[in-house]
Each structure stands twice: as C-alpha cells, then as structure tokens.
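As stored in target.pdb (PDB, C-alpha atoms):
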ATOM      1  CA  MET A 147      14.375 -14.580  -7.045  1.00  0.00           C
ATOM      2  CA  LYS A 148      12.803 -11.116  -7.273  1.00  0.00           C
ATOM      3  CA  THR A 149      15.144 -10.035  -4.480  1.00  0.00           C
ATOM      4  CA  VAL A 150      18.150 -11.234  -6.457  1.00  0.00           C
ATOM      5  CA  ALA A 151      17.054  -9.349  -9.588  1.00  0.00           C
ATOM      6  CA  ALA A 152      16.388  -6.185  -7.590  1.00  0.00           C
ATOM      7  CA  LEU A 153      19.783  -6.377  -5.878  1.00  0.00           C
ATOM      8  CA  LEU A 154      21.574  -6.878  -9.182  1.00  0.00           C
ATOM      9  CA  ALA A 155      19.707  -3.926 -10.690  1.00  0.00           C
ATOM     10  CA  VAL A 156      20.617  -1.722  -7.733  1.00  0.00           C
ATOM     11  CA  GLY A 157      24.198  -2.925  -7.935  1.00  0.00           C
ATOM     12  CA  LEU A 158      24.390  -1.975 -11.594  1.00  0.00           C
ATOM     13  CA  MET A 159      22.845   1.423 -10.861  1.00  0.00           C
ATOM     14  CA  ALA A 160      25.397   1.961  -8.095  1.00  0.00           C
ATOM     15  CA  CYS A 161      28.222   1.403 -10.573  1.00  0.00           C
ATOM     16  CA  GLY A 162      27.091   4.043 -13.013  1.00  0.00           C
ATOM     17  CA  GLY A 163      23.934   5.628 -11.742  1.00  0.00           C
ATOM     18  CA  SER A 164      23.169   9.148 -10.671  1.00  0.00           C
ATOM     19  CA  LYS A 165      25.385  10.981  -8.256  1.00  0.00           C
ATOM     20  CA  SER A 166      24.369  11.503  -4.661  1.00  0.00           C
ATOM     21  CA  ALA A 167      25.050  14.667  -2.741  1.00  0.00           C
ATOM     22  CA  ASP A 168      27.830  12.937  -0.798  1.00  0.00           C
ATOM     23  CA  SER A 169      29.466  11.226  -3.750  1.00  0.00           C
ATOM     24  CA  LYS A 170      29.745  13.981  -6.380  1.00  0.00           C
ATOM     25  CA  SER A 171      33.506  13.602  -6.617  1.00  0.00           C
ATOM     26  CA  THR A 172      33.411   9.856  -7.339  1.00  0.00           C
ATOM     27  CA  GLY A 173      30.245   9.645  -9.420  1.00  0.00           C
ATOM     28  CA  LYS A 174      29.144   6.610  -7.426  1.00  0.00           C
ATOM     29  CA  VAL A 175      25.935   6.181  -5.481  1.00  0.00           C
ATOM     30  CA  SER A 176      26.306   5.279  -1.840  1.00  0.00           C
ATOM     31  CA  ALA A 177      25.288   1.651  -1.270  1.00  0.00           C
ATOM     32  CA  ILE A 178      23.611   2.707   1.962  1.00  0.00           C
ATOM     33  CA  GLU A 179      21.662   5.452   0.197  1.00  0.00           C
ATOM     34  CA  ALA A 180      20.705   3.169  -2.690  1.00  0.00           C
ATOM     35  CA  MET A 181      19.681   0.055  -0.753  1.00  0.00           C
ATOM     36  CA  GLY A 182      19.340   1.057   2.878  1.00  0.00           C
ATOM     37  CA  ILE A 183      20.351  -0.964   5.888  1.00  0.00           C
ATOM     38  CA  THR A 184      17.289  -3.179   5.878  1.00  0.00           C
ATOM     39  CA  PRO A 185      16.651  -6.904   6.291  1.00  0.00           C
ATOM     40  CA  PRO A 186      16.192  -9.320   3.408  1.00  0.00           C
ATOM     41  CA  ASP A 187      12.702  -9.885   2.018  1.00  0.00           C
ATOM     42  CA  SER A 188      12.773 -13.486   3.279  1.00  0.00           C
ATOM     43  CA  PRO A 189      14.086 -14.583   6.680  1.00  0.00           C
ATOM     44  CA  TRP A 190      17.798 -15.398   6.469  1.00  0.00           C
ATOM     45  CA  GLU A 191      17.257 -18.911   7.815  1.00  0.00           C
ATOM     46  CA  GLU A 192      14.770 -19.658   5.020  1.00  0.00           C
ATOM     47  CA  MET A 193      16.887 -18.323   2.154  1.00  0.00           C
ATOM     48  CA  SER A 194      18.519 -20.781  -0.232  1.00  0.00           C
ATOM     49  CA  VAL A 195      22.301 -20.913  -0.452  1.00  0.00           C
ATOM     50  CA  GLU A 196      22.089 -19.191  -3.846  1.00  0.00           C
ATOM     51  CA  ASP A 197      19.842 -16.406  -2.526  1.00  0.00           C
ATOM     52  CA  ARG A 198      22.144 -15.885   0.471  1.00  0.00           C
ATOM     53  CA  GLU A 199      25.151 -15.639  -1.814  1.00  0.00           C
ATOM     54  CA  PHE A 200      23.485 -13.076  -4.097  1.00  0.00           C
ATOM     55  CA  TYR A 201      22.247 -11.108  -1.081  1.00  0.00           C
ATOM     56  CA  MET A 202      25.725 -11.053   0.424  1.00  0.00           C
ATOM     57  CA  ILE A 203      27.357 -10.027  -2.855  1.00  0.00           C
ATOM     58  CA  GLY A 204      24.645  -7.587  -3.921  1.00  0.00           C
ATOM     59  CA  LYS A 205      23.777  -5.885  -0.647  1.00  0.00           C
ATOM     60  CA  VAL A 206      25.764  -6.866   2.433  1.00  0.00           C
ATOM     61  CA  ASN A 207      29.252  -6.565   0.933  1.00  0.00           C
ATOM     62  CA  PRO A 208      28.741  -3.122  -0.666  1.00  0.00           C
ATOM     63  CA  ILE A 209      27.208  -1.743   2.530  1.00  0.00           C
ATOM     64  CA  MET A 210      29.857  -3.247   4.801  1.00  0.00           C
ATOM     65  CA  LYS A 211      32.595  -2.038   2.449  1.00  0.00           C
ATOM     66  CA  GLU A 212      31.178   1.466   2.717  1.00  0.00           C
ATOM     67  CA  LEU A 213      30.963   1.296   6.517  1.00  0.00           C
ATOM     68  CA  PHE A 214      34.464  -0.115   6.956  1.00  0.00           C
ATOM     69  CA  ALA A 215      36.026   2.261   4.407  1.00  0.00           C
ATOM     70  CA  GLY A 216      34.297   5.136   6.201  1.00  0.00           C
ATOM     71  CA  TYR A 217      36.025   4.027   9.384  1.00  0.00           C
ATOM     72  CA  ASP A 218      39.476   3.518   7.809  1.00  0.00           C
ATOM     73  CA  ALA A 219      39.701   3.946   4.031  1.00  0.00           C
ATOM     74  CA  GLU A 220      43.368   3.010   3.902  1.00  0.00           C
ATOM     75  CA  GLU A 221      42.939  -0.286   5.737  1.00  0.00           C
ATOM     76  CA  PHE A 222      39.542  -1.245   4.308  1.00  0.00           C
ATOM     77  CA  GLY A 223      39.543   0.337   0.839  1.00  0.00           C
ATOM     78  CA  ASP A 224      39.766  -3.139  -0.672  1.00  0.00           C
ATOM     79  CA  PHE A 225      37.172  -4.661   1.666  1.00  0.00           C
ATOM     80  CA  ASP A 226      35.720  -7.922   0.419  1.00  0.00           C
ATOM     81  CA  CYS A 227      34.329 -11.284   1.540  1.00  0.00           C
ATOM     82  CA  VAL A 228      37.571 -12.453   3.136  1.00  0.00           C
ATOM     83  CA  HIS A 229      37.458  -9.624   5.705  1.00  0.00           C
ATOM     84  CA  CYS A 230      34.510 -11.319   7.411  1.00  0.00           C
ATOM     85  CA  HIS A 231      34.646 -14.911   6.218  1.00  0.00           C
ATOM     86  CA  GLY A 232      38.417 -15.447   6.509  1.00  0.00           C
ATOM     87  CA  GLU A 233      40.996 -16.835   4.100  1.00  0.00           C
ATOM     88  CA  GLU A 234      39.475 -20.306   4.469  1.00  0.00           C
ATOM     89  CA  MET A 235      35.981 -19.159   3.470  1.00  0.00           C
ATOM     90  CA  ARG A 236      35.586 -21.622   0.602  1.00  0.00           C
ATOM     91  CA  GLU A 237      37.001 -24.549   2.548  1.00  0.00           C
ATOM     92  CA  ILE A 238      34.537 -23.937   5.385  1.00  0.00           C
ATOM     93  CA  ASP A 239      31.665 -23.231   2.992  1.00  0.00           C
ATOM     94  CA  PHE A 240      31.331 -19.663   4.338  1.00  0.00           C
ATOM     95  CA  LYS A 241      30.241 -20.909   7.786  1.00  0.00           C
ATOM     96  CA  MET A 242      30.334 -18.351  10.556  1.00  0.00           C
ATOM     97  CA  PRO A 243      31.996 -17.559  12.843  1.00  0.00           C
ATOM     98  CA  ALA A 244      35.111 -17.939  10.742  1.00  0.00           C
ATOM     99  CA  PRO A 245      37.864 -19.684  12.734  1.00  0.00           C
ATOM    100  CA  SER A 246      40.586 -17.328  11.473  1.00  0.00           C
ATOM    101  CA  MET A 247      38.804 -14.159  12.561  1.00  0.00           C
ATOM    102  CA  TYR A 248      40.033 -12.195  15.554  1.00  0.00           C
ATOM    103  CA  ILE A 249      38.919 -13.940  18.748  1.00  0.00           C
ATOM    104  CA  VAL A 250      36.492 -11.807  20.757  1.00  0.00           C
ATOM    105  CA  PRO A 251      36.509 -13.141  24.310  1.00  0.00           C
ATOM    106  CA  PRO A 252      33.191 -13.313  26.170  1.00  0.00           C
ATOM    107  CA  GLU A 253      32.110 -10.080  27.863  1.00  0.00           C
ATOM    108  CA  GLY A 254      33.237  -9.666  31.450  1.00  0.00           C
ATOM    109  CA  THR A 255      36.324 -11.853  31.041  1.00  0.00           C
ATOM    110  CA  PRO A 256      39.880 -10.563  31.502  1.00  0.00           C
ATOM    111  CA  GLY A 257      40.470 -11.157  27.790  1.00  0.00           C
ATOM    112  CA  HIS A 258      37.504  -8.985  26.859  1.00  0.00           C
ATOM    113  CA  ARG A 259      38.631  -6.211  29.203  1.00  0.00           C
ATOM    114  CA  GLY A 260      42.102  -6.401  27.662  1.00  0.00           C
ATOM    115  CA  MET A 261      40.636  -6.146  24.171  1.00  0.00           C
ATOM    116  CA  LEU A 262      38.588  -3.096  25.212  1.00  0.00           C
ATOM    117  CA  SER A 263      41.639  -1.324  26.624  1.00  0.00           C
ATOM    118  CA  THR A 264      43.898  -2.250  23.691  1.00  0.00           C
ATOM    119  CA  PHE A 265      41.466  -1.536  20.844  1.00  0.00           C
ATOM    120  CA  PRO A 266      38.905   0.963  22.197  1.00  0.00           C
ATOM    121  CA  ASP A 267      38.170   2.681  18.863  1.00  0.00           C
ATOM    122  CA  GLU A 268      37.859  -0.586  16.943  1.00  0.00           C
ATOM    123  CA  VAL A 269      35.566  -2.112  19.563  1.00  0.00           C
ATOM    124  CA  LYS A 270      33.390   1.002  19.614  1.00  0.00           C
ATOM    125  CA  PHE A 271      33.090   0.936  15.802  1.00  0.00           C
ATOM    126  CA  MET A 272      32.232  -2.755  15.808  1.00  0.00           C
ATOM    127  CA  GLN A 273      29.699  -2.411  18.646  1.00  0.00           C
ATOM    128  CA  GLU A 274      28.025   0.781  17.473  1.00  0.00           C
ATOM    129  CA  VAL A 275      28.172   0.432  13.680  1.00  0.00           C
ATOM    130  CA  VAL A 276      29.065  -3.024  12.371  1.00  0.00           C
ATOM    131  CA  THR A 277      27.125  -5.307  14.719  1.00  0.00           C
ATOM    132  CA  PRO A 278      23.815  -3.411  14.605  1.00  0.00           C
ATOM    133  CA  SER A 279      24.108  -2.946  10.829  1.00  0.00           C
ATOM    134  CA  MET A 280      24.777  -6.643  10.303  1.00  0.00           C
ATOM    135  CA  ALA A 281      21.849  -7.518  12.571  1.00  0.00           C
ATOM    136  CA  LYS A 282      19.552  -5.343  10.446  1.00  0.00           C
ATOM    137  CA  LEU A 283      20.950  -6.604   7.148  1.00  0.00           C
ATOM    138  CA  LEU A 284      20.429 -10.229   8.169  1.00  0.00           C
ATOM    139  CA  GLY A 285      17.180  -9.577  10.014  1.00  0.00           C
ATOM    140  CA  ILE A 286      18.542 -11.408  13.061  1.00  0.00           C
ATOM    141  CA  GLU A 287      17.619 -10.201  16.524  1.00  0.00           C
ATOM    142  CA  ASN A 288      20.276 -10.446  19.232  1.00  0.00           C
ATOM    143  CA  PHE A 289      23.058 -10.622  16.653  1.00  0.00           C
ATOM    144  CA  SER A 290      26.385 -10.278  18.431  1.00  0.00           C
ATOM    145  CA  CYS A 291      30.130 -10.276  17.842  1.00  0.00           C
ATOM    146  CA  ALA A 292      29.948 -14.078  17.965  1.00  0.00           C
ATOM    147  CA  GLY A 293      28.027 -14.022  14.692  1.00  0.00           C
ATOM    148  CA  CYS A 294      31.329 -13.335  12.930  1.00  0.00           C
ATOM    149  CA  HIS A 295      34.069 -13.802  15.517  1.00  0.00           C
ATOM    150  CA  PRO A 296      34.961 -16.920  17.503  1.00  0.00           C
ATOM    151  CA  SER A 297      34.977 -16.460  21.273  1.00  0.00           C
ATOM    152  CA  ALA A 298      37.740 -19.018  21.857  1.00  0.00           C
ATOM    153  CA  PRO A 299      40.563 -20.556  19.844  1.00  0.00           C
ATOM    154  CA  PRO A 300      39.515 -23.461  17.653  1.00  0.00           C
ATOM    155  CA  LYS A 301      39.646 -26.811  19.375  1.00  0.00           C
ATOM    156  CA  LYS A 302      42.503 -28.917  18.154  1.00  0.00           C
ATOM    157  CA  LYS A 303      41.660 -32.308  16.826  1.00  0.00           C
ATOM    158  CA  PRO A 304      43.248 -35.045  18.888  1.00  0.00           C
ATOM    159  CA  ALA A 305      46.303 -36.537  17.278  1.00  0.00           C
ATOM    160  CA  LYS A 306      45.802 -39.939  15.727  1.00  0.00           C
ATOM    161  CA  PRO A 307      47.643 -42.608  17.654  1.00  0.00           C
ATOM    162  CA  LYS A 308      50.680 -43.984  15.881  1.00  0.00           C
ATOM    163  CA  ARG A 309      50.627 -47.680  15.207  1.00  0.00           C
TER     164      ARG A 309
END

Could you rewrite the structure in this file as structure tokens?
Amino acid sequence: MKTVAALLAVGLMACGGSKSADSKSTGKVSAIEAMGITPPDSPWEEMSVEDREFYMIGKVNPIMKELFAGYDAEEFGDFDCVHCHGEEMREIDFKMPAPSMYIVPPEGTPGHRGMLSTFPDEVKFMQEVVTPSMAKLLGIENFSCAGCHPSAPPKKKPAKPKR
C-alpha cells in the first residue's frame, strides 16, 4: 500500500509540481524524470489486483504515454489504457495479450518479415523503447512483444450444432 500512496503522491506532483528543464513550456514534470523506468517494489506476480491497477494508472500509463507521445504526439497524444489493453479491456478483465491488438507474428516467419518491411520505424520503436521499458516497469525478464500482442488470430469457438 505504501507503493500506491507514493505513486499517487508523485502523480499529483506531476500535475502541478515544479518544472523540469525539458518541460518549461508546459509546466509539467516528466513522468520518466519523476518516477523513473524502474520495477515495482513487489514482484508483479505477487501484487494484488488493486495494487496492479494503481501501479498501472499511477506509473505505467504516464510513462508509456510519454514514450508514445514522444514517438508520435499526434497519434498518441491521447494515449490511455485502451492503447495496450484493447477496446474489450473490461470484458477480458485486462488480461494480456489483448486479442484486439495488432498481431505480431513469431520471429523468422514470413509474416514477421512482412511486418518488419512494412512498419520498420514502428517495429524499431517497439523493440528498442517500448518492450524494454515495459520489461523494466513490470520487473519481468524476457518480456517480449507477446506480452501485449497476440502472435496469431484468436481461435474461433466451434459453432454450436443446431438441433
């Protein structure tokens, strides 16, 4: 619970706290400067649902918003939970990978090579910035694209036989 209180305090400071050298024009403190890209105090797997939610809202979302907006402010200026968890986030109880996220085919497959050639800048940003940052923020070693993105289309449920 101390983590939650600290994150809320930092979040409040970020909204109206002192200006950083890089944010003089906006008057806002950089989330990355204020909180750092560091793991949670407790291992992610051991955190309660409530603690995970507060951690995501108080630390992960502001940092990811900053990273994504830094990459493309026009596209990601309104970055929020749905960008990673998908439109169906509540229905799936925020489980990851989110089925509606862009499918990232396994490395070495024709689909992966096609993705690399079609979206080279996006893939580079995701591989070099987003994935390692998310790994640090969650404290999960070997975190990969599959932590957020499905690697294949969702399996369709078999149709119920008509009677």

Name the residues in contact with segment 259-269 of chain A at a cut-off of 12 Å, using all atoms listed in the file, excluding same-chain residues fewer than 3 positions from it; report them as a PDB file with C-alpha atoms, in the coordinates of the input.
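Contents of part.pdb, as written:
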ATOM      1  CA  PHE A 214      34.464  -0.115   6.956  1.00  0.00           C
ATOM      2  CA  TYR A 217      36.025   4.027   9.384  1.00  0.00           C
ATOM      3  CA  ASP A 218      39.476   3.518   7.809  1.00  0.00           C
ATOM      4  CA  TYR A 248      40.033 -12.195  15.554  1.00  0.00           C
ATOM      5  CA  ILE A 249      38.919 -13.940  18.748  1.00  0.00           C
ATOM      6  CA  VAL A 250      36.492 -11.807  20.757  1.00  0.00           C
ATOM      7  CA  PRO A 251      36.509 -13.141  24.310  1.00  0.00           C
ATOM      8  CA  PRO A 252      33.191 -13.313  26.170  1.00  0.00           C
ATOM      9  CA  GLU A 253      32.110 -10.080  27.863  1.00  0.00           C
ATOM     10  CA  GLY A 254      33.237  -9.666  31.450  1.00  0.00           C
ATOM     11  CA  THR A 255      36.324 -11.853  31.041  1.00  0.00           C
ATOM     12  CA  PRO A 256      39.880 -10.563  31.502  1.00  0.00           C
ATOM     13  CA  MET A 272      32.232  -2.755  15.808  1.00  0.00           C
ATOM     14  CA  GLN A 273      29.699  -2.411  18.646  1.00  0.00           C
ATOM     15  CA  GLU A 274      28.025   0.781  17.473  1.00  0.00           C
ATOM     16  CA  VAL A 275      28.172   0.432  13.680  1.00  0.00           C
ATOM     17  CA  VAL A 276      29.065  -3.024  12.371  1.00  0.00           C
ATOM     18  CA  THR A 277      27.125  -5.307  14.719  1.00  0.00           C
ATOM     19  CA  CYS A 291      30.130 -10.276  17.842  1.00  0.00           C
TER      20      CYS A 291
END

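For the residues A:Met193, A:Ala177, A:Ile183, A:Ala298, ranking by smallest atom-to-atom distance to Pro245 of chain A using all atoms listed in the file places A:Ala298 first.
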
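Nearest-residue note for Glu199 of chain A: choosing from A:Glu287, A:Glu179, A:Glu221, A:Asp239, the minimum distance belongs to A:Asp239, counting all atoms listed in the file.
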
Draw an axis-aligned box over all listed atoms of segment 196-202 of chain A, pad each side with 3 Å, and write its centre and edge lengths in Å, one decimal, as AutoDock Vina command-line options.
--center_x 22.8 --center_y -15.1 --center_z -1.8 --size_x 11.9 --size_y 14.1 --size_z 10.6

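Our summary of the geometry notes that atom CA of Phe225 of chain A is positioned 11.6 Å from atom CA of Val206 of chain A.
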
Interatomic distance, atom CA of Met181 of chain A to atom CA of Ile209 of chain A (Å, one decimal): 8.4 Å

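Using all atoms listed in the file, the protein and nucleic acid residues lying no more than 12 Å from Pro278 of chain A, apart from those fewer than 4 places from it along its own chain, are A:Ile183, A:Thr184, A:Pro185, A:Met210, A:Leu213, A:Lys270, A:Phe271, A:Met272, A:Gln273, A:Glu274, A:Lys282, A:Leu283, A:Leu284, A:Gly285, A:Ile286, A:Glu287, A:Asn288, A:Phe289, A:Ser290, A:Cys291, A:Gly293.
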
Answer key for the PyMOL selection byres ((chain A and resi 246) around 10), residues as number ranges by chain: A: 230-235, 243-245, 247-249, 295-296, 299-300

Atom pair atom CA of Ala180 of chain A / atom CA of Ser279 of chain A: separation (Å): 15.2 Å
